[in-house]
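Trainee: Sharing run-v3.cif here; it has mmCIF, C-alpha atoms.
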data_data
#
loop_
_atom_site.label_atom_id
_atom_site.label_comp_id
_atom_site.auth_asym_id
_atom_site.auth_seq_id
_atom_site.Cartn_x
_atom_site.Cartn_y
_atom_site.Cartn_z
CA MET A 17 29.02 24.44 -0.31
CA SER A 18 30.17 23.38 3.17
CA ALA A 19 33.57 21.70 3.51
CA THR A 20 32.23 18.37 4.78
CA LEU A 21 29.21 16.16 4.40
CA HIS A 22 27.63 14.47 7.39
CA VAL A 23 26.84 10.93 6.20
CA LYS A 24 24.89 8.19 7.95
CA VAL A 25 25.52 4.75 6.46
CA TRP A 26 23.69 1.52 7.26
CA ARG A 27 25.99 -1.09 8.80
CA GLY A 28 25.25 -4.77 9.43
CA GLY A 29 22.30 -6.92 8.35
CA ALA A 30 18.56 -6.39 8.76
CA ASP A 31 19.03 -5.63 12.47
CA GLY A 32 21.98 -3.30 11.91
CA ALA A 33 22.22 0.43 12.63
CA PHE A 34 23.45 3.65 11.04
CA GLN A 35 27.08 4.67 11.49
CA GLU A 36 28.09 8.32 11.03
CA PHE A 37 30.98 9.62 8.94
CA GLU A 38 32.35 13.04 7.94
CA VAL A 39 33.26 13.09 4.25
CA PRO A 40 35.08 15.95 2.44
CA ARG A 41 32.74 17.79 0.06
CA ARG A 42 33.95 18.00 -3.57
CA GLU A 43 32.61 19.51 -6.72
CA SER A 44 30.47 17.23 -8.97
CA GLN A 45 30.60 14.60 -6.23
CA THR A 46 28.25 11.64 -6.63
CA VAL A 47 26.74 9.57 -3.84
CA LEU A 48 28.86 6.65 -5.05
CA ASP A 49 31.96 8.87 -4.66
CA VAL A 50 30.92 9.46 -1.04
CA VAL A 51 30.50 5.74 -0.32
CA THR A 52 33.80 4.95 -2.08
CA HIS A 53 35.61 7.60 -0.01
CA ILE A 54 34.27 6.03 3.19
CA GLN A 55 35.40 2.57 2.13
CA ARG A 56 38.84 3.64 0.92
CA ALA A 57 39.75 6.29 3.50
CA LEU A 58 37.65 5.79 6.62
CA ASP A 59 36.48 2.17 7.00
CA PRO A 60 37.65 -0.55 4.60
CA THR A 61 35.13 -3.03 6.02
CA LEU A 62 32.17 -1.20 4.41
CA ALA A 63 30.41 -3.51 1.93
CA TYR A 64 28.72 -2.04 -1.17
CA ARG A 65 28.36 -2.86 -4.87
CA TYR A 66 29.29 -0.97 -8.01
CA ALA A 67 30.87 -1.75 -11.35
CA CYS A 68 30.61 0.62 -14.32
CA ARG A 69 30.19 4.01 -12.54
CA VAL A 70 28.46 5.40 -15.63
CA GLY A 71 24.84 4.26 -15.26
CA MET A 72 24.98 1.14 -17.40
CA CYS A 73 25.40 -1.86 -15.10
CA GLY A 74 22.64 -1.32 -12.55
CA SER A 75 24.65 -2.54 -9.55
CA CYS A 76 25.07 0.57 -7.35
CA ALA A 77 21.45 1.35 -6.39
CA MET A 78 20.91 2.31 -2.72
CA THR A 79 18.37 4.17 -0.63
CA VAL A 80 19.57 7.78 -0.44
CA ASN A 81 17.74 10.12 1.95
CA GLY A 82 14.73 7.81 1.84
CA ALA A 83 14.46 7.23 -1.91
CA ALA A 84 15.99 4.48 -4.07
CA ARG A 85 18.52 5.90 -6.56
CA TRP A 86 21.39 4.87 -8.84
CA THR A 87 24.22 6.31 -6.79
CA CYS A 88 26.81 6.66 -9.58
CA ARG A 89 24.63 9.17 -11.44
CA THR A 90 23.18 10.93 -8.41
CA HIS A 91 24.98 14.16 -7.58
CA VAL A 92 25.28 15.05 -3.92
CA ASP A 93 24.01 18.62 -4.60
CA LYS A 94 20.71 17.17 -5.85
CA VAL A 95 19.98 15.03 -2.79
CA ALA A 96 21.92 16.26 0.26
CA ASN A 97 19.65 17.84 2.87
CA LYS A 98 21.52 20.66 4.68
CA GLY A 99 24.82 18.84 4.16
CA GLU A 100 23.44 15.50 5.36
CA LEU A 101 23.10 12.19 3.54
CA THR A 102 21.51 8.99 4.85
CA ILE A 103 22.51 5.96 2.80
CA ALA A 104 20.82 2.59 3.31
CA PRO A 105 20.42 -0.66 1.35
CA LEU A 106 17.52 -1.04 -1.10
CA ARG A 107 14.11 -1.81 0.42
CA ASN A 108 12.05 -4.95 -0.35
CA LEU A 109 15.23 -7.07 -0.61
CA PRO A 110 17.03 -9.03 2.15
CA VAL A 111 20.13 -7.20 3.42
CA ILE A 112 23.31 -9.27 3.28
CA ARG A 113 25.60 -6.70 4.89
CA ASP A 114 25.84 -2.91 4.99
CA LEU A 115 24.66 -1.60 1.58
CA VAL A 116 24.59 -4.99 -0.16
CA THR A 117 21.24 -6.72 -0.71
CA ASP A 118 20.47 -10.26 -1.85
CA MET A 119 19.21 -9.79 -5.44
CA ARG A 120 18.36 -13.45 -6.11
CA GLU A 121 14.62 -13.08 -5.58
CA PHE A 122 14.58 -9.97 -7.77
CA PHE A 123 16.12 -11.81 -10.73
CA ASP A 124 14.31 -15.11 -10.08
CA LYS A 125 11.10 -13.18 -10.60
CA TRP A 126 12.21 -12.21 -14.11
CA ALA A 127 12.33 -15.94 -14.86
CA ARG A 128 8.98 -16.51 -13.09
CA ALA A 129 7.42 -13.81 -15.29
CA ALA A 130 8.56 -15.84 -18.34
CA GLY A 131 11.13 -13.14 -19.09
CA GLN A 132 13.14 -15.31 -21.51
CA PHE A 133 12.81 -14.90 -25.26
CA ARG A 134 11.47 -18.10 -26.86
CA GLY A 135 11.97 -18.08 -30.59
CA ALA A 136 10.45 -20.55 -33.03
CA ARG A 137 12.83 -20.06 -35.96
CA THR A 138 15.93 -22.09 -36.69
CA ARG A 139 19.19 -21.03 -38.28
CA ALA A 140 17.81 -22.32 -41.58
CA ASP A 141 15.11 -19.64 -41.52
CA ASP A 142 15.51 -16.13 -42.84
CA PHE A 143 15.84 -13.14 -40.48
CA ALA A 144 12.61 -11.91 -38.90
CA ARG A 145 11.79 -8.47 -40.21
CA VAL A 146 10.34 -6.11 -37.60
CA SER A 147 9.60 -2.58 -38.71
CA PRO A 148 10.98 -0.01 -36.24
CA GLN A 149 7.72 1.89 -36.77
CA SER A 150 5.42 -1.04 -35.95
CA ALA A 151 3.18 -0.52 -32.90
CA GLU A 152 4.71 -3.51 -31.09
CA ARG A 153 8.30 -2.41 -31.68
CA VAL A 154 7.51 1.13 -30.47
CA GLN A 155 5.99 -0.30 -27.25
CA ALA A 156 8.99 -2.58 -26.72
CA ASP A 157 11.44 0.28 -27.37
CA ALA A 158 9.86 2.34 -24.60
CA ALA A 159 10.57 -0.41 -22.07
CA ILE A 160 13.71 -2.13 -23.35
CA GLU A 161 16.48 0.00 -21.76
CA CYS A 162 16.10 -1.48 -18.26
CA ILE A 163 19.49 -1.97 -16.54
CA GLY A 164 18.12 -4.20 -13.75
CA CYS A 165 19.10 -1.83 -10.93
CA ALA A 166 16.04 -2.74 -8.78
CA VAL A 167 15.27 0.91 -7.98
CA CYS A 168 11.66 0.26 -9.10
CA TYR A 169 11.49 -2.91 -7.03
CA ALA A 170 12.69 -1.08 -3.91
CA SER A 171 10.21 1.76 -4.53
CA CYS A 172 7.15 -0.49 -5.00
CA ASP A 173 4.56 -0.19 -2.21
CA VAL A 174 2.73 -3.33 -3.38
CA LEU A 175 5.87 -5.42 -2.80
CA ALA A 176 6.10 -4.16 0.76
CA ARG A 177 2.66 -5.74 1.38
CA LEU A 178 2.80 -8.66 -1.07
CA PRO A 179 6.34 -10.09 -1.15
CA GLU A 180 5.48 -12.66 -3.84
CA TYR A 181 4.40 -9.91 -6.28
CA LEU A 182 6.57 -10.16 -9.40
CA GLY A 183 7.40 -6.46 -9.26
CA PRO A 184 7.83 -3.70 -11.86
CA ALA A 185 11.12 -4.82 -13.46
CA ALA A 186 10.08 -8.42 -14.16
CA LEU A 187 6.68 -7.31 -15.49
CA ASN A 188 8.33 -4.63 -17.62
CA ARG A 189 10.56 -7.34 -19.09
CA ALA A 190 7.52 -9.53 -19.79
CA TRP A 191 5.85 -6.56 -21.51
CA THR A 192 8.80 -6.13 -23.92
CA LEU A 193 8.43 -9.81 -24.87
CA VAL A 194 4.64 -9.60 -25.23
CA ASN A 195 5.47 -7.01 -27.90
CA ASP A 196 8.12 -9.22 -29.54
CA VAL A 197 6.39 -10.59 -32.63
CA ARG A 198 9.07 -13.31 -32.97
CA ASP A 199 8.32 -14.81 -29.56
CA ALA A 200 6.41 -18.10 -29.56
CA ALA A 201 5.53 -18.47 -25.85
CA GLN A 202 2.93 -15.72 -25.53
CA ALA A 203 0.12 -17.77 -23.92
CA GLU A 204 2.50 -19.18 -21.30
CA ARG A 205 3.85 -15.68 -20.55
CA LEU A 206 0.38 -14.19 -20.11
CA ARG A 207 -0.47 -17.03 -17.70
CA ALA A 208 2.73 -16.27 -15.76
CA VAL A 209 1.88 -12.58 -15.35
CA ALA A 210 -1.88 -13.01 -14.75
CA GLY A 211 -1.84 -14.89 -11.47
CA ASP A 212 -2.25 -13.82 -7.86
CA ALA A 213 1.21 -12.20 -7.77
CA GLY A 214 1.18 -10.87 -11.32
CA SER A 215 0.28 -7.68 -13.16
CA LEU A 216 -3.26 -7.46 -11.77
CA SER A 217 -1.87 -6.80 -8.28
CA CYS A 218 -0.36 -3.46 -9.37
CA HIS A 219 -2.18 -0.59 -7.62
CA THR A 220 -0.84 2.01 -10.07
CA HIS A 221 0.90 4.02 -7.35
CA MET A 222 3.54 4.78 -10.03
CA SER A 223 6.46 4.92 -7.59
CA CYS A 224 8.43 2.73 -10.03
CA THR A 225 7.81 5.17 -12.86
CA GLU A 226 8.65 8.13 -10.63
CA ARG A 227 11.98 6.61 -9.56
CA CYS A 228 13.23 4.72 -12.64
CA PRO A 229 16.61 6.27 -13.49
CA LYS A 230 16.17 5.27 -17.15
CA ASN A 231 12.81 7.07 -17.36
CA ILE A 232 11.00 3.84 -18.20
CA SER A 233 7.36 3.61 -17.14
CA PRO A 234 6.84 0.08 -15.78
CA THR A 235 3.34 1.27 -14.84
CA ALA A 236 2.49 1.72 -18.52
CA GLY A 237 3.86 -1.74 -19.34
CA ILE A 238 1.92 -3.32 -16.47
CA ALA A 239 -1.25 -1.58 -17.70
CA GLY A 240 -0.55 -3.11 -21.12
CA LEU A 241 -0.16 -6.55 -19.51
CA LYS A 242 -3.48 -6.08 -17.66
CA ARG A 243 -5.23 -5.37 -20.96
CA ALA A 244 -3.51 -8.33 -22.64
CA VAL A 245 -4.37 -10.84 -19.89
CA ALA A 246 -7.96 -9.52 -19.69
CA ARG A 247 -8.39 -10.02 -23.44
CA ALA A 248 -6.86 -13.50 -23.24
CA ALA A 249 -9.09 -14.47 -20.27
CA LEU A 250 -12.26 -13.29 -22.03
CA ALA A 251 -11.25 -15.18 -25.18
CA GLY A 252 -10.63 -18.34 -23.11
CA GLU A 253 -6.95 -18.41 -24.04
CA LEU A 254 -5.51 -18.08 -20.54
CA MET B 10 -7.51 -20.01 -8.04
CA SER B 11 -6.47 -20.26 -11.70
CA ALA B 12 -4.91 -17.36 -13.59
CA ARG B 13 -8.03 -17.20 -15.77
CA SER B 14 -10.42 -17.00 -12.80
CA GLU B 15 -8.27 -14.32 -11.13
CA THR B 16 -8.30 -12.32 -14.35
CA LEU B 17 -12.06 -12.68 -14.82
CA LEU B 18 -12.58 -11.41 -11.27
CA TRP B 19 -10.39 -8.43 -12.16
CA VAL B 20 -12.44 -7.79 -15.31
CA ALA B 21 -15.68 -8.07 -13.27
CA GLN B 22 -14.38 -5.53 -10.79
CA ARG B 23 -13.37 -3.05 -13.51
CA ALA B 24 -16.68 -3.52 -15.37
CA SER B 25 -18.73 -3.09 -12.17
CA ALA B 26 -16.65 0.01 -11.34
CA GLY B 27 -17.69 1.51 -14.69
CA LEU B 28 -21.35 0.79 -13.92
CA LEU B 29 -21.00 2.20 -10.41
CA ALA B 30 -19.48 5.44 -11.73
CA LEU B 31 -22.58 5.88 -13.90
CA CYS B 32 -25.02 4.82 -11.16
CA VAL B 33 -23.50 7.08 -8.47
CA THR B 34 -23.57 10.08 -10.81
CA VAL B 35 -27.24 9.52 -11.73
CA HIS B 36 -28.09 8.79 -8.08
CA LEU B 37 -26.50 12.03 -6.77
CA ALA B 38 -27.94 14.16 -9.58
CA THR B 39 -31.41 12.72 -8.87
CA ILE B 40 -31.11 13.49 -5.16
CA LEU B 41 -30.12 17.11 -5.88
CA TYR B 42 -33.09 17.44 -8.21
CA ALA B 43 -35.61 15.56 -6.08
CA VAL B 44 -35.06 17.33 -2.74
CA GLN B 45 -36.36 20.55 -4.29
CA GLY B 46 -39.87 19.16 -3.85
CA GLY B 47 -39.35 18.54 -0.11
CA LEU B 48 -37.79 15.61 1.71
CA THR B 49 -40.53 13.50 3.29
CA GLY B 50 -41.04 9.74 3.12
CA ALA B 51 -44.41 10.19 1.46
CA GLU B 52 -42.97 12.52 -1.20
CA ILE B 53 -40.13 10.10 -2.04
CA LEU B 54 -42.34 7.00 -2.16
CA GLY B 55 -44.93 8.86 -4.25
CA ARG B 56 -42.22 9.45 -6.84
CA THR B 57 -40.52 6.05 -6.74
CA ARG B 58 -43.34 3.51 -6.32
CA GLY B 59 -44.59 1.77 -9.40
CA ASN B 60 -41.76 3.03 -11.57
CA PRO B 61 -40.17 0.02 -13.31
CA ALA B 62 -37.40 2.07 -14.97
CA TRP B 63 -36.05 3.30 -11.64
CA ALA B 64 -36.50 -0.15 -10.13
CA ALA B 65 -34.37 -1.62 -12.92
CA PHE B 66 -31.77 1.12 -12.52
CA TYR B 67 -31.39 0.57 -8.77
CA THR B 68 -31.38 -3.21 -9.19
CA MET B 69 -28.38 -2.79 -11.50
CA PHE B 70 -26.79 -0.41 -8.97
CA VAL B 71 -27.17 -2.95 -6.15
CA LEU B 72 -25.84 -5.85 -8.23
CA ALA B 73 -22.82 -3.81 -9.39
CA ALA B 74 -22.02 -2.96 -5.76
CA ALA B 75 -22.46 -6.61 -4.73
CA VAL B 76 -19.94 -7.67 -7.40
CA HIS B 77 -17.51 -4.80 -6.89
CA ALA B 78 -17.09 -4.61 -3.12
CA PRO B 79 -16.26 -8.28 -2.35
CA ILE B 80 -13.59 -8.44 -5.09
CA GLY B 81 -11.93 -5.33 -3.67
CA LEU B 82 -12.15 -6.72 -0.14
CA ARG B 83 -10.56 -9.93 -1.41
CA THR B 84 -7.40 -7.99 -2.29
CA VAL B 85 -7.48 -6.03 0.97
CA LEU B 86 -7.75 -9.26 2.98
CA ALA B 87 -4.80 -10.78 1.10
CA GLU B 88 -2.51 -7.76 1.25
CA TRP B 89 -3.30 -6.46 4.74
CA PHE B 90 -4.06 -9.66 6.64
CA GLY B 91 -2.50 -12.39 4.48
CA TRP B 92 -5.88 -14.18 4.27
CA ARG B 93 -6.10 -16.23 1.06
CA GLY B 94 -7.65 -19.47 -0.08
CA ARG B 95 -11.10 -21.02 -0.23
CA ALA B 96 -12.29 -19.97 3.23
CA ARG B 97 -11.76 -16.32 2.32
CA ASP B 98 -13.51 -16.75 -1.04
CA PHE B 99 -16.53 -18.47 0.53
CA ALA B 100 -16.76 -15.74 3.18
CA LEU B 101 -16.75 -13.14 0.40
CA ILE B 102 -19.41 -14.99 -1.61
CA ALA B 103 -21.55 -14.89 1.55
CA PHE B 104 -20.80 -11.17 1.88
CA ALA B 105 -21.82 -10.61 -1.76
CA VAL B 106 -25.11 -12.48 -1.17
CA VAL B 107 -25.84 -10.39 1.95
CA LEU B 108 -25.06 -7.15 0.08
CA ALA B 109 -27.26 -8.14 -2.86
CA GLY B 110 -30.05 -9.39 -0.54
CA LEU B 111 -30.18 -6.23 1.58
CA GLY B 112 -29.95 -4.02 -1.50
CA LEU B 113 -32.66 -5.83 -3.46
CA ARG B 114 -34.90 -5.82 -0.40
CA ALA B 115 -34.52 -2.04 -0.21
CA VAL B 116 -35.21 -1.72 -3.94
CA SER B 117 -38.38 -3.81 -3.66
CA THR B 118 -39.59 -1.71 -0.69
CA VAL B 119 -38.95 1.67 -2.28
CA PHE B 120 -39.99 0.92 -5.86
CA ALA B 121 -42.61 -1.87 -5.69
#
Please go through the file and, once you have read it, give me the structure as structure tokens.
Mentor:
Amino acid sequence: MSATLHVKVWRGGADGAFQEFEVPRRESQTVLDVVTHIQRALDPTLAYRYACRVGMCGSCAMTVNGAARWTCRTHVDKVANKGELTIAPLRNLPVIRDLVTDMREFFDKWARAAGQFRGARTRADDFARVSPQSAERVQADAAIECIGCAVCYASCDVLARLPEYLGPAALNRAWTLVNDVRDAAQAERLRAVAGDAGSLSCHTHMSCTERCPKNISPTAGIAGLKRAVARAALAGEL
Amino acid sequence: MSARSETLLWVAQRASAGLLALCVTVHLATILYAVQGGLTGAEILGRTRGNPAWAAFYTMFVLAAAVHAPIGLRTVLAEWFGWRGRARDFALIAFAVVLAGLGLRAVSTVFA
């Protein structure tokens, strides 16, 4: 382990440039530790986001040596290339400043994919009983642990070509709700994910699945949505 | 285009892809088998002419290609060149008609 890391960090907006820093190497150091050291010890004007530091909140994702990663759970030993790190903001999102991107479009697409639960019961009704072993619940379980970090969104090659594409995270969310037997807005949701920018635009490159830090497979969920919208279209329910 | 129409186009492309996988396999296997008897125009036409089963098979092949290719091009035009809307769709319908026309003409020449 060399004594220092050579780190290039993106500074400025979309037309910014990389700035170089030397950061002391430490044991069990994460990429977020590196960025935090730069901001606290070398340049307090560096803008970046983080909150929980333990892989729960989904706010610290950045592009590290070319690939989108959650930086708080990414150890430097796993990603540094000959003692060098290049840290940039996430792709496919507008850069506000330095390592901070504008996430509005990312989350707006969750709403556009009808990502809200719409129940039909009232407080007068009994609890819905969903067996943990039911096929729908098992499918939803496989996709439900998303932390909204946008690593999948930044890794998606379709989004680079088709900016209006809803993207893996929003479609994964829709897939969990398609499998929610309590939800009463299924036809509307399938319409939302069937259009020009919806699930059918996925080219199954699987970059989202490859990069998801929670080991979710949005590709599998999107394939499920494709089958669901195809069935609905053939049945005239779309 | 409505969500339902988009989805039906997607289904048509997947279904035609399934047919094409079958057709291409049969086509290649037949070529490998048939060239053993020599590769002259007269030999090929002697085998193909007046055979309604092969004519039907290649008609299906041509129609599957005429459905499959324009739908794929539709996505390529949108994603690579940003071309969407009715003008693109009409151009692709014309392309499908040309593909089907040329293909069916070939089928009628080789198998009639």
Trainee: Residues of chain A within 12 Å of chain B, counting only C-alpha atoms, what are they? List them as JSON, numbers by chain.
Mentor: {"A": [173, 174, 175, 176, 177, 178, 179, 180, 181, 203, 204, 205, 206, 207, 208, 209, 210, 211, 212, 213, 214, 215, 216, 217, 218, 219, 241, 242, 243, 244, 245, 246, 247, 248, 249, 250, 251, 252, 253, 254]}
Trainee: Return the single residue from A:Pro105, A:Gly99, A:Gly135, A:Gly164 that is closest to Gly183 (chain A), with distances computed using all atoms listed in the file.
Mentor: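 Going through A:Pro105, A:Gly99, A:Gly135, A:Gly164 one by one, the smallest distance to Gly183 (chain A) is for A:Gly164.
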Trainee: Excluding Arg89 (chain A) and residues on its chain fewer than 3 positions from it, collect all residues at most 8 Å away from it, counting all atoms listed in the file, and give them as a list in words.
Mentor: Thr46, Val47, Arg69, Val70, Gly71 and Trp86 of chain A
Trainee: Using all atoms listed in the file, which of the listed residues (A:Lys125, A:Arg113, A:His91, A:His22) sits closest to Ser44 (chain A)?
Mentor: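 Of all the options, A:His91 lies closest to Ser44 (chain A).
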Trainee: On this file, the PyMOL selection byres ((chain B and resi 101) around 8) gives some set of residues; write that set as a PyMOL selection string.
Mentor: chain B and resi 79-80+82-83+97-100+102-105
Trainee: Write out the residues from the selection above, keeping C-alpha atoms, as a PDB file, keeping the file's coordinate frame.
Mentor:
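Heads up, here's the output in selection.pdb:
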ATOM      1  CA  PRO B  79     -16.260  -8.280  -2.350  1.00  0.00           C
ATOM      2  CA  ILE B  80     -13.590  -8.440  -5.090  1.00  0.00           C
ATOM      3  CA  LEU B  82     -12.150  -6.720  -0.140  1.00  0.00           C
ATOM      4  CA  ARG B  83     -10.560  -9.930  -1.410  1.00  0.00           C
ATOM      5  CA  ARG B  97     -11.760 -16.320   2.320  1.00  0.00           C
ATOM      6  CA  ASP B  98     -13.510 -16.750  -1.040  1.00  0.00           C
ATOM      7  CA  PHE B  99     -16.530 -18.470   0.530  1.00  0.00           C
ATOM      8  CA  ALA B 100     -16.760 -15.740   3.180  1.00  0.00           C
ATOM      9  CA  ILE B 102     -19.410 -14.990  -1.610  1.00  0.00           C
ATOM     10  CA  ALA B 103     -21.550 -14.890   1.550  1.00  0.00           C
ATOM     11  CA  PHE B 104     -20.800 -11.170   1.880  1.00  0.00           C
ATOM     12  CA  ALA B 105     -21.820 -10.610  -1.760  1.00  0.00           C
TER      13      ALA B 105
END
Trainee: Evaluate the PyMOL selection byres ((chain B and resi 121) around 8) and record the selected residues as a PyMOL selection string, following the chain and residue labels used in the document.
Mentor: chain B and resi 58-60+64+116-120
Trainee: So which residues touch region 119-121 of chain A within 8 Å, counting all atoms listed in the file, skipping near sequence neighbours fewer than 2 positions away, as a ChimeraX atom specification?
Mentor: /A:109-110,117,123-125
Trainee: With only C-alpha atoms counted, which protein, DNA or RNA residues have an atom no more than 12 Å from (-41.8, 11.8, -3.2) in the file frame? Please answer as a PDB file with C-alpha atoms, in the frame of the given file.
Mentor:
ATOM      1  CA  THR B  39     -31.410  12.720  -8.870  1.00  0.00           C
ATOM      2  CA  ILE B  40     -31.110  13.490  -5.160  1.00  0.00           C
ATOM      3  CA  TYR B  42     -33.090  17.440  -8.210  1.00  0.00           C
ATOM      4  CA  ALA B  43     -35.610  15.560  -6.080  1.00  0.00           C
ATOM      5  CA  VAL B  44     -35.060  17.330  -2.740  1.00  0.00           C
ATOM      6  CA  GLN B  45     -36.360  20.550  -4.290  1.00  0.00           C
ATOM      7  CA  GLY B  46     -39.870  19.160  -3.850  1.00  0.00           C
ATOM      8  CA  GLY B  47     -39.350  18.540  -0.110  1.00  0.00           C
ATOM      9  CA  LEU B  48     -37.790  15.610   1.710  1.00  0.00           C
ATOM     10  CA  THR B  49     -40.530  13.500   3.290  1.00  0.00           C
ATOM     11  CA  GLY B  50     -41.040   9.740   3.120  1.00  0.00           C
ATOM     12  CA  ALA B  51     -44.410  10.190   1.460  1.00  0.00           C
ATOM     13  CA  GLU B  52     -42.970  12.520  -1.200  1.00  0.00           C
ATOM     14  CA  ILE B  53     -40.130  10.100  -2.040  1.00  0.00           C
ATOM     15  CA  LEU B  54     -42.340   7.000  -2.160  1.00  0.00           C
ATOM     16  CA  GLY B  55     -44.930   8.860  -4.250  1.00  0.00           C
ATOM     17  CA  ARG B  56     -42.220   9.450  -6.840  1.00  0.00           C
ATOM     18  CA  THR B  57     -40.520   6.050  -6.740  1.00  0.00           C
ATOM     19  CA  ARG B  58     -43.340   3.510  -6.320  1.00  0.00           C
ATOM     20  CA  VAL B 119     -38.950   1.670  -2.280  1.00  0.00           C
ATOM     21  CA  PHE B 120     -39.990   0.920  -5.860  1.00  0.00           C
TER      22      PHE B 120
END
Trainee: I'd like the residues picked by the PyMOL selection byres ((chain A and resi 131) around 8) written out as number ranges by chain, using the chain letters and numbers from the file.
Mentor: A: 126-130, 132-133, 186, 189-190, 193, 205
Trainee: In Å, rounded to a single decimal, give me how far CA of Val71 (chain B) is from CA of Ala109 (chain B).
Mentor: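 So the two atoms, CA of Ala109 (chain B) and CA of Val71 (chain B), lie 6.1 Å apart.
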Trainee: Which of these residues is nearest to Gly32 (chain A), using only C-alpha atoms: A:Ala96, A:Val111, A:Ala57, A:Ala83?
Mentor: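 Using only C-alpha atoms, Gly32 (chain A) sits closest to A:Val111.
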Trainee: For each of A:Cys172, A:Ala156, A:Val194, A:Ala151, take the minimum atom-to-atom distance to Glu226 (chain A), counting all atoms listed in the file, then give the residue where this is smallest.
Mentor: A:Cys172
Trainee: If I take CA of Gly112 (chain B) and CA of Leu41 (chain B), how far is one from the other in Å, to one decimal?
Mentor: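 Answer for the CA of Gly112 (chain B) to CA of Leu41 (chain B) separation: 21.6 Å.
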Trainee: Between CA of Arg198 (chain A) and CA of Ala136 (chain A), what is the distance in Å, rounded to a tenth?
Mentor: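 If I compute the distance from CA of Arg198 (chain A) to CA of Ala136 (chain A), I get 7.4 Å.
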